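Structure data (compact mmCIF, N, CA and C atoms) from work14.txt:
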# COMPACT_ATOMS: atom_id res chain seq x y z
N MET A 1 99.75 88.80 121.46
CA MET A 1 98.78 88.29 120.52
C MET A 1 99.14 86.85 120.19
N GLY A 2 98.23 85.94 120.45
CA GLY A 2 98.49 84.53 120.22
C GLY A 2 98.21 84.10 118.79
N LEU A 3 98.53 82.89 118.52
CA LEU A 3 98.34 82.33 117.18
C LEU A 3 96.88 82.38 116.77
N LEU A 4 95.98 82.03 117.68
CA LEU A 4 94.56 82.05 117.36
C LEU A 4 94.10 83.46 117.02
N ASP A 5 94.56 84.46 117.77
CA ASP A 5 94.21 85.86 117.47
C ASP A 5 94.70 86.26 116.08
N ARG A 6 95.93 85.87 115.75
CA ARG A 6 96.48 86.21 114.44
C ARG A 6 95.70 85.55 113.32
N LEU A 7 95.32 84.28 113.51
CA LEU A 7 94.53 83.60 112.49
C LEU A 7 93.16 84.25 112.32
N ARG A 8 92.54 84.63 113.43
CA ARG A 8 91.26 85.33 113.37
C ARG A 8 91.40 86.64 112.61
N ASP A 9 92.46 87.39 112.89
CA ASP A 9 92.70 88.65 112.20
C ASP A 9 92.89 88.44 110.70
N LEU A 10 93.60 87.38 110.33
CA LEU A 10 93.83 87.11 108.91
C LEU A 10 92.52 86.80 108.20
N VAL A 11 91.62 86.07 108.87
CA VAL A 11 90.36 85.68 108.26
C VAL A 11 89.41 86.86 108.16
N LYS A 12 89.30 87.66 109.21
CA LYS A 12 88.29 88.71 109.22
C LYS A 12 88.77 90.04 108.65
N LYS A 13 90.06 90.23 108.46
CA LYS A 13 90.57 91.51 107.98
C LYS A 13 91.44 91.31 106.74
N PRO A 14 90.81 91.06 105.60
CA PRO A 14 91.63 90.91 104.41
C PRO A 14 92.34 92.21 104.08
N LYS A 15 93.57 92.10 103.62
CA LYS A 15 94.32 93.29 103.25
C LYS A 15 93.74 93.88 101.97
N LEU A 16 93.56 95.18 101.99
CA LEU A 16 93.11 95.86 100.79
C LEU A 16 94.34 96.15 99.95
N PRO A 17 94.26 95.87 98.65
CA PRO A 17 95.45 96.01 97.81
C PRO A 17 95.94 97.45 97.67
N GLY A 18 95.12 98.43 97.99
CA GLY A 18 95.50 99.81 97.76
C GLY A 18 96.45 100.40 98.78
N LEU A 19 96.61 99.81 99.95
CA LEU A 19 97.45 100.43 100.97
C LEU A 19 98.56 99.48 101.39
N THR A 20 99.78 99.97 101.30
CA THR A 20 100.95 99.24 101.78
C THR A 20 101.75 100.20 102.64
N VAL A 21 102.78 99.70 103.31
CA VAL A 21 103.61 100.59 104.13
C VAL A 21 104.37 101.59 103.28
N ASP A 22 104.40 101.37 101.96
CA ASP A 22 105.11 102.28 101.05
C ASP A 22 104.18 103.14 100.20
N THR A 23 102.88 103.11 100.48
CA THR A 23 101.94 103.90 99.69
C THR A 23 102.27 105.38 99.81
N PRO A 24 102.41 106.07 98.68
CA PRO A 24 102.66 107.52 98.74
C PRO A 24 101.37 108.28 99.06
N GLY A 25 101.52 109.52 99.47
CA GLY A 25 100.35 110.36 99.70
C GLY A 25 99.61 110.07 100.98
N VAL A 26 100.29 109.48 101.97
CA VAL A 26 99.63 109.24 103.25
C VAL A 26 100.02 110.35 104.22
N GLU A 27 99.17 110.55 105.21
CA GLU A 27 99.44 111.56 106.23
C GLU A 27 99.10 111.01 107.60
N ILE A 28 99.74 111.57 108.60
CA ILE A 28 99.46 111.15 109.99
C ILE A 28 98.05 111.59 110.35
N VAL A 29 97.23 110.64 110.78
CA VAL A 29 95.85 110.94 111.15
C VAL A 29 95.61 110.83 112.65
N VAL A 30 96.50 110.14 113.34
CA VAL A 30 96.39 110.02 114.80
C VAL A 30 97.78 109.70 115.34
N GLU A 31 98.06 110.22 116.54
CA GLU A 31 99.33 109.90 117.17
C GLU A 31 99.13 109.78 118.67
N ALA A 32 99.97 108.93 119.27
CA ALA A 32 99.87 108.65 120.70
C ALA A 32 101.28 108.52 121.26
N PHE A 33 101.79 109.61 121.82
CA PHE A 33 103.14 109.60 122.39
C PHE A 33 103.12 109.85 123.90
N ASP A 34 101.94 110.05 124.47
CA ASP A 34 101.82 110.24 125.91
C ASP A 34 101.42 108.90 126.53
N PRO A 35 102.32 108.28 127.32
CA PRO A 35 101.99 106.97 127.89
C PRO A 35 100.81 107.00 128.85
N ALA A 36 100.44 108.18 129.34
CA ALA A 36 99.32 108.28 130.27
C ALA A 36 97.98 108.35 129.54
N GLU A 37 98.01 108.59 128.23
CA GLU A 37 96.77 108.70 127.46
C GLU A 37 96.36 107.33 126.92
N ALA A 38 95.11 106.99 127.10
CA ALA A 38 94.59 105.72 126.56
C ALA A 38 94.57 105.79 125.04
N ASP A 39 94.81 104.66 124.40
CA ASP A 39 94.76 104.61 122.95
C ASP A 39 93.37 104.95 122.42
N SER A 40 92.34 104.58 123.16
CA SER A 40 90.98 104.93 122.76
C SER A 40 90.80 106.44 122.72
N SER A 41 91.42 107.16 123.66
CA SER A 41 91.34 108.62 123.68
C SER A 41 92.08 109.22 122.49
N ALA A 42 93.24 108.66 122.18
CA ALA A 42 94.01 109.16 121.03
C ALA A 42 93.19 109.00 119.75
N LEU A 43 92.57 107.85 119.58
CA LEU A 43 91.75 107.64 118.39
C LEU A 43 90.53 108.56 118.38
N ALA A 44 89.89 108.73 119.53
CA ALA A 44 88.68 109.55 119.62
C ALA A 44 88.95 111.02 119.33
N ARG A 45 90.13 111.52 119.67
CA ARG A 45 90.41 112.94 119.47
C ARG A 45 90.86 113.28 118.05
N SER A 46 90.96 112.27 117.20
CA SER A 46 91.44 112.51 115.84
C SER A 46 90.29 112.66 114.86
N PRO A 47 90.09 113.87 114.35
CA PRO A 47 89.02 114.05 113.35
C PRO A 47 89.40 113.50 111.98
N ALA A 48 90.67 113.27 111.73
CA ALA A 48 91.12 112.83 110.40
C ALA A 48 91.10 111.31 110.24
N TRP A 49 91.11 110.55 111.35
CA TRP A 49 91.16 109.10 111.29
C TRP A 49 89.84 108.54 110.78
N VAL A 50 89.91 107.61 109.83
CA VAL A 50 88.73 106.93 109.30
C VAL A 50 88.76 105.50 109.83
N ALA A 51 87.87 105.21 110.77
CA ALA A 51 87.90 103.94 111.50
C ALA A 51 87.75 102.72 110.60
N GLU A 52 86.98 102.82 109.54
CA GLU A 52 86.71 101.66 108.69
C GLU A 52 87.83 101.39 107.69
N ALA A 53 88.73 102.33 107.52
CA ALA A 53 89.78 102.20 106.51
C ALA A 53 91.06 101.66 107.12
N PRO A 54 91.83 100.90 106.35
CA PRO A 54 93.12 100.44 106.86
C PRO A 54 94.06 101.62 107.05
N ALA A 55 95.02 101.42 107.92
CA ALA A 55 96.01 102.47 108.21
C ALA A 55 97.38 101.83 108.33
N ILE A 56 98.39 102.65 108.17
CA ILE A 56 99.75 102.21 108.42
C ILE A 56 100.03 102.54 109.88
N LEU A 57 100.12 101.53 110.72
CA LEU A 57 100.42 101.72 112.13
C LEU A 57 101.94 101.75 112.25
N ARG A 58 102.45 102.78 112.89
CA ARG A 58 103.91 102.98 112.97
C ARG A 58 104.31 103.24 114.42
N HIS A 59 105.03 102.28 115.00
CA HIS A 59 105.55 102.44 116.36
C HIS A 59 106.97 102.98 116.28
N HIS A 60 107.25 103.97 117.11
CA HIS A 60 108.57 104.62 117.14
C HIS A 60 109.39 103.99 118.26
N LEU A 61 110.50 103.37 117.90
CA LEU A 61 111.33 102.65 118.86
C LEU A 61 112.74 103.22 118.90
N LYS A 62 113.32 103.19 120.08
CA LYS A 62 114.70 103.60 120.32
C LYS A 62 115.42 102.36 120.84
N LEU A 63 116.38 101.84 120.04
CA LEU A 63 117.01 100.56 120.36
C LEU A 63 118.53 100.67 120.31
N PRO A 64 119.22 99.85 121.10
CA PRO A 64 120.67 99.76 120.93
C PRO A 64 120.94 99.24 119.52
N PRO A 65 121.90 99.82 118.81
CA PRO A 65 122.16 99.42 117.43
C PRO A 65 122.40 97.92 117.25
N GLU A 66 123.05 97.30 118.23
CA GLU A 66 123.34 95.87 118.11
C GLU A 66 122.10 94.99 118.30
N LYS A 67 120.98 95.58 118.68
CA LYS A 67 119.74 94.82 118.91
C LYS A 67 118.71 95.01 117.79
N VAL A 68 119.02 95.85 116.81
CA VAL A 68 118.06 96.15 115.75
C VAL A 68 117.70 94.89 114.95
N ALA A 69 118.69 94.10 114.58
CA ALA A 69 118.43 92.89 113.79
C ALA A 69 117.56 91.90 114.59
N GLU A 70 117.83 91.77 115.88
CA GLU A 70 117.03 90.88 116.72
C GLU A 70 115.59 91.38 116.80
N ALA A 71 115.42 92.67 116.98
CA ALA A 71 114.07 93.24 117.02
C ALA A 71 113.34 93.01 115.70
N ALA A 72 114.04 93.21 114.59
CA ALA A 72 113.43 93.01 113.27
C ALA A 72 112.97 91.57 113.10
N SER A 73 113.77 90.63 113.55
CA SER A 73 113.44 89.22 113.43
C SER A 73 112.21 88.87 114.26
N ILE A 74 112.15 89.38 115.47
CA ILE A 74 111.01 89.12 116.36
C ILE A 74 109.74 89.73 115.79
N LEU A 75 109.83 90.97 115.33
CA LEU A 75 108.65 91.67 114.81
C LEU A 75 108.15 91.06 113.51
N ALA A 76 109.05 90.57 112.69
CA ALA A 76 108.65 89.98 111.40
C ALA A 76 107.74 88.78 111.58
N GLN A 77 107.83 88.11 112.70
CA GLN A 77 106.98 86.94 112.96
C GLN A 77 105.50 87.31 112.97
N ASP A 78 105.19 88.57 113.28
CA ASP A 78 103.80 89.03 113.31
C ASP A 78 103.50 90.03 112.20
N GLY A 79 104.31 90.03 111.16
CA GLY A 79 104.02 90.87 110.01
C GLY A 79 104.50 92.31 110.10
N TRP A 80 105.31 92.62 111.09
CA TRP A 80 105.86 93.97 111.23
C TRP A 80 107.14 94.08 110.42
N GLU A 81 107.38 95.25 109.87
CA GLU A 81 108.64 95.55 109.20
C GLU A 81 109.34 96.61 110.04
N LEU A 82 110.61 96.41 110.33
CA LEU A 82 111.37 97.38 111.12
C LEU A 82 112.23 98.20 110.18
N ARG A 83 112.05 99.52 110.23
CA ARG A 83 112.80 100.42 109.36
C ARG A 83 113.63 101.37 110.22
N GLU A 84 114.93 101.33 110.01
CA GLU A 84 115.82 102.21 110.78
C GLU A 84 115.71 103.65 110.31
N GLN A 85 115.82 104.56 111.27
CA GLN A 85 115.81 105.99 111.01
C GLN A 85 117.19 106.53 111.39
N ASP A 86 117.34 107.84 111.44
CA ASP A 86 118.61 108.43 111.85
C ASP A 86 118.91 108.08 113.30
N PRO A 87 120.17 107.77 113.62
CA PRO A 87 120.52 107.44 115.01
C PRO A 87 120.38 108.66 115.91
N GLU A 88 120.17 108.38 117.18
CA GLU A 88 120.09 109.43 118.20
C GLU A 88 121.07 109.06 119.31
N GLY A 89 122.24 109.66 119.29
CA GLY A 89 123.26 109.34 120.29
C GLY A 89 123.70 107.90 120.15
N ASP A 90 123.64 107.15 121.23
CA ASP A 90 124.07 105.75 121.23
C ASP A 90 122.95 104.79 120.83
N PHE A 91 121.82 105.33 120.40
CA PHE A 91 120.67 104.49 120.06
C PHE A 91 120.30 104.61 118.60
N ALA A 92 119.71 103.55 118.08
CA ALA A 92 119.14 103.57 116.74
C ALA A 92 117.65 103.88 116.89
N LEU A 93 117.16 104.76 116.07
CA LEU A 93 115.73 105.02 116.02
C LEU A 93 115.16 104.18 114.89
N ALA A 94 114.01 103.57 115.14
CA ALA A 94 113.41 102.70 114.14
C ALA A 94 111.89 102.81 114.20
N HIS A 95 111.26 102.50 113.08
CA HIS A 95 109.81 102.43 113.01
C HIS A 95 109.43 100.98 112.74
N ALA A 96 108.54 100.45 113.57
CA ALA A 96 107.91 99.16 113.30
C ALA A 96 106.61 99.50 112.59
N VAL A 97 106.45 99.01 111.36
CA VAL A 97 105.29 99.40 110.55
C VAL A 97 104.57 98.18 109.99
N ARG A 98 103.25 98.31 109.89
CA ARG A 98 102.42 97.35 109.16
C ARG A 98 101.07 97.99 108.90
N VAL A 99 100.35 97.42 107.93
CA VAL A 99 99.02 97.91 107.58
C VAL A 99 97.99 97.10 108.35
N GLN A 100 97.04 97.81 108.97
CA GLN A 100 95.94 97.14 109.66
C GLN A 100 94.82 98.13 109.87
N THR A 101 93.65 97.61 110.19
CA THR A 101 92.54 98.46 110.59
C THR A 101 92.72 98.74 112.08
N LEU A 102 92.62 99.98 112.46
CA LEU A 102 92.88 100.36 113.85
C LEU A 102 91.64 100.25 114.72
N ASP A 103 91.83 99.79 115.93
CA ASP A 103 90.83 99.89 116.99
C ASP A 103 91.60 100.01 118.30
N ALA A 104 90.92 100.52 119.31
CA ALA A 104 91.58 100.82 120.58
C ALA A 104 92.23 99.59 121.20
N LEU A 105 91.56 98.46 121.16
CA LEU A 105 92.09 97.26 121.79
C LEU A 105 93.40 96.83 121.14
N HIS A 106 93.43 96.74 119.81
CA HIS A 106 94.65 96.29 119.14
C HIS A 106 95.77 97.32 119.26
N CYS A 107 95.43 98.60 119.24
CA CYS A 107 96.47 99.62 119.43
C CYS A 107 97.10 99.48 120.82
N ALA A 108 96.27 99.28 121.83
CA ALA A 108 96.77 99.13 123.19
C ALA A 108 97.62 97.87 123.34
N GLN A 109 97.16 96.77 122.74
CA GLN A 109 97.93 95.52 122.80
C GLN A 109 99.29 95.69 122.13
N GLU A 110 99.30 96.31 120.97
CA GLU A 110 100.55 96.48 120.25
C GLU A 110 101.47 97.48 120.95
N ARG A 111 100.90 98.53 121.54
CA ARG A 111 101.73 99.48 122.29
C ARG A 111 102.43 98.77 123.44
N SER A 112 101.68 97.93 124.15
CA SER A 112 102.24 97.18 125.27
C SER A 112 103.32 96.21 124.78
N ARG A 113 103.05 95.54 123.68
CA ARG A 113 104.01 94.60 123.11
C ARG A 113 105.29 95.31 122.70
N MET A 114 105.17 96.46 122.05
CA MET A 114 106.36 97.20 121.61
C MET A 114 107.16 97.70 122.81
N ALA A 115 106.47 98.14 123.85
CA ALA A 115 107.16 98.61 125.05
C ALA A 115 107.93 97.46 125.70
N GLY A 116 107.31 96.29 125.78
CA GLY A 116 107.98 95.13 126.36
C GLY A 116 109.18 94.69 125.55
N LEU A 117 109.02 94.65 124.23
CA LEU A 117 110.12 94.26 123.36
C LEU A 117 111.29 95.24 123.49
N ALA A 118 110.99 96.53 123.40
CA ALA A 118 112.05 97.53 123.50
C ALA A 118 112.77 97.45 124.84
N GLN A 119 112.02 97.28 125.91
CA GLN A 119 112.62 97.19 127.24
C GLN A 119 113.52 95.96 127.35
N ARG A 120 113.06 94.81 126.86
CA ARG A 120 113.88 93.58 126.89
C ARG A 120 115.18 93.76 126.13
N LEU A 121 115.16 94.57 125.09
CA LEU A 121 116.35 94.76 124.26
C LEU A 121 117.18 95.96 124.71
N GLY A 122 116.81 96.59 125.82
CA GLY A 122 117.58 97.72 126.35
C GLY A 122 117.24 99.05 125.72
N GLY A 123 116.05 99.15 125.14
CA GLY A 123 115.64 100.39 124.49
C GLY A 123 114.36 100.94 125.07
N ASP A 124 113.62 101.67 124.23
CA ASP A 124 112.40 102.32 124.68
C ASP A 124 111.43 102.42 123.51
N SER A 125 110.15 102.34 123.83
CA SER A 125 109.10 102.59 122.85
C SER A 125 108.59 104.00 123.11
N LEU A 126 108.70 104.85 122.11
CA LEU A 126 108.39 106.26 122.29
C LEU A 126 106.92 106.60 122.06
N GLY A 127 106.21 105.75 121.34
CA GLY A 127 104.81 105.99 121.03
C GLY A 127 104.50 105.49 119.64
N TRP A 128 103.31 105.84 119.14
CA TRP A 128 102.91 105.38 117.81
C TRP A 128 102.13 106.46 117.10
N ASP A 129 102.09 106.32 115.80
CA ASP A 129 101.18 107.14 115.01
C ASP A 129 100.61 106.26 113.91
N ALA A 130 99.61 106.77 113.24
CA ALA A 130 98.98 106.02 112.16
C ALA A 130 98.79 106.96 110.97
N LEU A 131 98.98 106.39 109.80
CA LEU A 131 98.88 107.16 108.57
C LEU A 131 97.81 106.55 107.67
N GLN A 132 97.06 107.41 107.02
CA GLN A 132 96.08 107.00 106.04
C GLN A 132 96.21 107.91 104.82
N PRO A 133 95.71 107.45 103.68
CA PRO A 133 95.77 108.30 102.49
C PRO A 133 95.05 109.62 102.73
N SER A 134 95.58 110.69 102.18
CA SER A 134 94.92 112.00 102.29
C SER A 134 93.52 111.88 101.74
N GLY A 135 92.58 112.41 102.48
CA GLY A 135 91.20 112.38 102.01
C GLY A 135 90.43 111.16 102.45
N GLY A 136 91.05 110.26 103.23
CA GLY A 136 90.34 109.12 103.77
C GLY A 136 90.15 108.00 102.75
N PRO A 137 89.15 107.14 102.98
CA PRO A 137 88.99 105.93 102.19
C PRO A 137 88.65 106.19 100.73
N ARG A 138 88.14 107.37 100.41
CA ARG A 138 87.81 107.67 99.02
C ARG A 138 89.04 107.56 98.14
N ASP A 139 90.23 107.80 98.73
CA ASP A 139 91.45 107.84 97.94
C ASP A 139 92.35 106.63 98.14
N VAL A 140 91.89 105.59 98.84
CA VAL A 140 92.74 104.43 99.07
C VAL A 140 93.17 103.87 97.72
N GLY A 141 94.49 103.76 97.58
CA GLY A 141 95.04 103.22 96.35
C GLY A 141 95.23 104.24 95.25
N HIS A 142 94.76 105.46 95.45
CA HIS A 142 94.88 106.48 94.43
C HIS A 142 95.92 107.53 94.76
N GLY A 143 96.40 107.54 96.03
CA GLY A 143 97.42 108.49 96.45
C GLY A 143 96.96 109.92 96.51
N GLY A 144 95.65 110.17 96.43
CA GLY A 144 95.02 111.42 96.27
C GLY A 144 95.06 112.47 97.19

Please render this file's structure as structure tokens.
Amino acid sequence: MGLLDRLRDLVKKPKLPGLTVDTPGVEIVVEAFDPAEADSSALARSPAWVAEAPAILRHHLKLPPEKVAEAASILAQDGWELREQDPEGDFALAHAVRVQTLDALHCAQERSRMAGLAQRLGGDSLGWDALQPSGGPRDVGHGG
């Protein structure tokens, strides 16, 4: 995603104050862990996903522990926050998270970007999921 794309996204997709990566009461509404499945298919098969509402997009990454800080620094440039999870063997598990409105094109671009980043750092991108407030947009900001 280039600078122009990011600026366009900032202008056309204002952040809604009700949803942050720490909003309580969110649930997984779509997940994509099969690399052979198109992101458009993952979104289409989800009856719980509300296309017009913002979501917390969460990429699951497996990284060498010594590369976590580097990954966090790279991801922060595009508004991603990297949160470490419990380690798995010699690898650190982490979630790259940010709030955005989901569409197939951006999900596919970000999946590809996360896979490339993880591979360059000696890790793996396991897939992604997205979370929205329970009950869809009616409850954004209410935790309902």

(request) From a DSSP calculation on the backbone, collect every residue of stretch 22-107 of chain A in strand (DSSP E) and output the set as a VMD selection string. (result) chain A and resid 26 to 32 54 to 63 81 to 84 92 to 101

(message) Could you pull out the alpha helix (DSSP H) residues of stretch 12-62 of chain A, going by DSSP on the backbone, and write them as a ChimeraX atom specification?
(response) /A:12,39-44

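Of the residues under consideration (A:Pro87, A:Pro65, A:Pro54, A:Gly127), A:Pro54 shows the shortest atom-to-atom contact distance to A:Val99 when counting only N, CA and C atoms.
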
(request) May I ask which of the residues A:Ala55, A:Ala130, A:Ala36, A:Leu19 is the closest one to A:Leu102, counting all atoms listed in the file? (result)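 Looking at the shortest contact to A:Leu102, the residue is A:Ala55.
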
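Pairwise distance (atom N of A:Arg113, atom N of A:Arg45) equals 20.9 Å.
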
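Going from atom CA of A:Leu43 to atom C of A:Ala104 covers 8.5 Å.
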
(request) Using all atoms listed in the file, find all polymer residues with an atom at most 6.5 Å away from the point (97.1, 110.7, 120.8); report them as a list in words. (result)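 Output of the proximity query reads Val30, Glu31, Ala32, Phe33, Asp34, Ser41, Ala42 and Leu43 of chain A.
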
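Separating atom C of A:Pro24 from atom C of A:Leu57 is a distance of 14.7 Å.
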
(request) Go through A:Pro64, A:Ser125, A:His59, A:Ala76 and flag the residue nearest A:His95, using all atoms listed in the file for the distances. (result) A:His59

(request) May I have the residues within 10 Å of stretch 47-51 of chain A as a list in words, using only C-alpha atoms and disregarding those fewer than 4 positions away in the same chain? (result)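 Contacts, with the query itself left out: Glu27, Ile28, Val29, Val30, Leu43, Ala55, Thr101, Leu102, Asp103, Ala130, Leu131, Gln132, Pro133, Ser134, Gly135, Gly136 and Pro137 of chain A.
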
Please determine an axis-aligned box that encloses all atoms of stretch 34-43 of chain A listed in the file, with 4 Å added on each side, and express its centre and edge lengths in Å to one decimal as lines of an AutoDock Vina configuration file.
center_x = 96.4
center_y = 107.4
center_z = 124.3
size_x = 19.8
size_y = 13.7
size_z = 19.9

(request) Would you mind telling me which residue in A:Asp5, A:Asp39, A:Glu52, A:Glu70 lies nearest to A:Ala108 when using only C-alpha atoms? (result)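 Counting only C-alpha atoms, the residue closest to A:Ala108 is A:Asp39.
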
Starting from the incomplete input, reconstruct all heavy atoms of stretch 102-111 of chain A and report them as a PDB file, in the coordinates of the input.
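Okay, rebuild20.pdb is ready:
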ATOM      1  N   LEU A 102      92.620  99.980 112.460  1.00  0.00           N
ATOM      2  CA  LEU A 102      92.880 100.360 113.850  1.00  0.00           C
ATOM      3  C   LEU A 102      91.640 100.250 114.720  1.00  0.00           C
ATOM      4  O   LEU A 102      90.541 100.592 114.284  1.00  0.00           O
ATOM      5  CB  LEU A 102      93.360 101.815 113.924  1.00  0.00           C
ATOM      6  CG  LEU A 102      94.607 102.185 113.143  1.00  0.00           C
ATOM      7  CD1 LEU A 102      94.910 103.663 113.353  1.00  0.00           C
ATOM      8  CD2 LEU A 102      95.781 101.341 113.564  1.00  0.00           C
ATOM      9  N   ASP A 103      91.830  99.790 115.930  1.00  0.00           N
ATOM     10  CA  ASP A 103      90.830  99.890 116.990  1.00  0.00           C
ATOM     11  C   ASP A 103      91.600 100.010 118.300  1.00  0.00           C
ATOM     12  O   ASP A 103      92.779  99.691 118.373  1.00  0.00           O
ATOM     13  CB  ASP A 103      89.864  98.702 116.981  1.00  0.00           C
ATOM     14  CG  ASP A 103      90.540  97.377 117.235  1.00  0.00           C
ATOM     15  OD1 ASP A 103      91.138  97.217 118.319  1.00  0.00           O
ATOM     16  OD2 ASP A 103      90.481  96.505 116.356  1.00  0.00           O
ATOM     17  N   ALA A 104      90.920 100.520 119.310  1.00  0.00           N
ATOM     18  CA  ALA A 104      91.580 100.820 120.580  1.00  0.00           C
ATOM     19  C   ALA A 104      92.230  99.590 121.200  1.00  0.00           C
ATOM     20  O   ALA A 104      93.353  99.673 121.710  1.00  0.00           O
ATOM     21  CB  ALA A 104      90.592 101.457 121.552  1.00  0.00           C
ATOM     22  N   LEU A 105      91.560  98.460 121.160  1.00  0.00           N
ATOM     23  CA  LEU A 105      92.090  97.260 121.790  1.00  0.00           C
ATOM     24  C   LEU A 105      93.400  96.830 121.140  1.00  0.00           C
ATOM     25  O   LEU A 105      94.395  96.595 121.832  1.00  0.00           O
ATOM     26  CB  LEU A 105      91.076  96.115 121.728  1.00  0.00           C
ATOM     27  CG  LEU A 105      91.571  94.765 122.246  1.00  0.00           C
ATOM     28  CD1 LEU A 105      91.922  94.861 123.728  1.00  0.00           C
ATOM     29  CD2 LEU A 105      90.543  93.684 121.999  1.00  0.00           C
ATOM     30  N   HIS A 106      93.430  96.740 119.810  1.00  0.00           N
ATOM     31  CA  HIS A 106      94.650  96.290 119.140  1.00  0.00           C
ATOM     32  C   HIS A 106      95.770  97.320 119.260  1.00  0.00           C
ATOM     33  O   HIS A 106      96.944  96.946 119.377  1.00  0.00           O
ATOM     34  CB  HIS A 106      94.366  95.930 117.673  1.00  0.00           C
ATOM     35  CG  HIS A 106      93.621  94.645 117.539  1.00  0.00           C
ATOM     36  ND1 HIS A 106      92.273  94.594 117.319  1.00  0.00           N
ATOM     37  CD2 HIS A 106      94.037  93.364 117.633  1.00  0.00           C
ATOM     38  CE1 HIS A 106      91.890  93.331 117.273  1.00  0.00           C
ATOM     39  NE2 HIS A 106      92.938  92.565 117.467  1.00  0.00           N
ATOM     40  N   CYS A 107      95.430  98.600 119.240  1.00  0.00           N
ATOM     41  CA  CYS A 107      96.470  99.620 119.430  1.00  0.00           C
ATOM     42  C   CYS A 107      97.100  99.480 120.820  1.00  0.00           C
ATOM     43  O   CYS A 107      98.315  99.554 120.967  1.00  0.00           O
ATOM     44  CB  CYS A 107      95.886 101.021 119.242  1.00  0.00           C
ATOM     45  SG  CYS A 107      95.521 101.432 117.526  1.00  0.00           S
ATOM     46  N   ALA A 108      96.270  99.280 121.830  1.00  0.00           N
ATOM     47  CA  ALA A 108      96.770  99.130 123.190  1.00  0.00           C
ATOM     48  C   ALA A 108      97.620  97.870 123.340  1.00  0.00           C
ATOM     49  O   ALA A 108      98.678  97.883 123.978  1.00  0.00           O
ATOM     50  CB  ALA A 108      95.612  99.109 124.184  1.00  0.00           C
ATOM     51  N   GLN A 109      97.160  96.770 122.740  1.00  0.00           N
ATOM     52  CA  GLN A 109      97.930  95.520 122.800  1.00  0.00           C
ATOM     53  C   GLN A 109      99.290  95.690 122.130  1.00  0.00           C
ATOM     54  O   GLN A 109     100.308  95.248 122.663  1.00  0.00           O
ATOM     55  CB  GLN A 109      97.156  94.384 122.127  1.00  0.00           C
ATOM     56  CG  GLN A 109      95.981  93.894 122.919  1.00  0.00           C
ATOM     57  CD  GLN A 109      95.155  92.878 122.146  1.00  0.00           C
ATOM     58  OE1 GLN A 109      95.122  92.853 120.919  1.00  0.00           O
ATOM     59  NE2 GLN A 109      94.454  92.027 122.887  1.00  0.00           N
ATOM     60  N   GLU A 110      99.300  96.310 120.970  1.00  0.00           N
ATOM     61  CA  GLU A 110     100.550  96.480 120.250  1.00  0.00           C
ATOM     62  C   GLU A 110     101.470  97.480 120.950  1.00  0.00           C
ATOM     63  O   GLU A 110     102.681  97.309 120.960  1.00  0.00           O
ATOM     64  CB  GLU A 110     100.303  96.886 118.796  1.00  0.00           C
ATOM     65  CG  GLU A 110      99.632  95.806 117.976  1.00  0.00           C
ATOM     66  CD  GLU A 110     100.388  94.487 117.938  1.00  0.00           C
ATOM     67  OE1 GLU A 110     101.623  94.459 118.129  1.00  0.00           O
ATOM     68  OE2 GLU A 110      99.738  93.456 117.701  1.00  0.00           O
ATOM     69  N   ARG A 111     100.900  98.530 121.540  1.00  0.00           N
ATOM     70  CA  ARG A 111     101.730  99.480 122.290  1.00  0.00           C
ATOM     71  C   ARG A 111     102.430  98.770 123.440  1.00  0.00           C
ATOM     72  O   ARG A 111     103.625  98.931 123.665  1.00  0.00           O
ATOM     73  CB  ARG A 111     100.903 100.632 122.833  1.00  0.00           C
ATOM     74  CG  ARG A 111     101.768 101.636 123.595  1.00  0.00           C
ATOM     75  CD  ARG A 111     100.985 102.591 124.474  1.00  0.00           C
ATOM     76  NE  ARG A 111     100.188 103.535 123.757  1.00  0.00           N
ATOM     77  CZ  ARG A 111     100.146 104.838 124.039  1.00  0.00           C
ATOM     78  NH1 ARG A 111     100.886 105.329 125.015  1.00  0.00           N
ATOM     79  NH2 ARG A 111      99.372 105.635 123.373  1.00  0.00           N
TER      80      ARG A 111
END
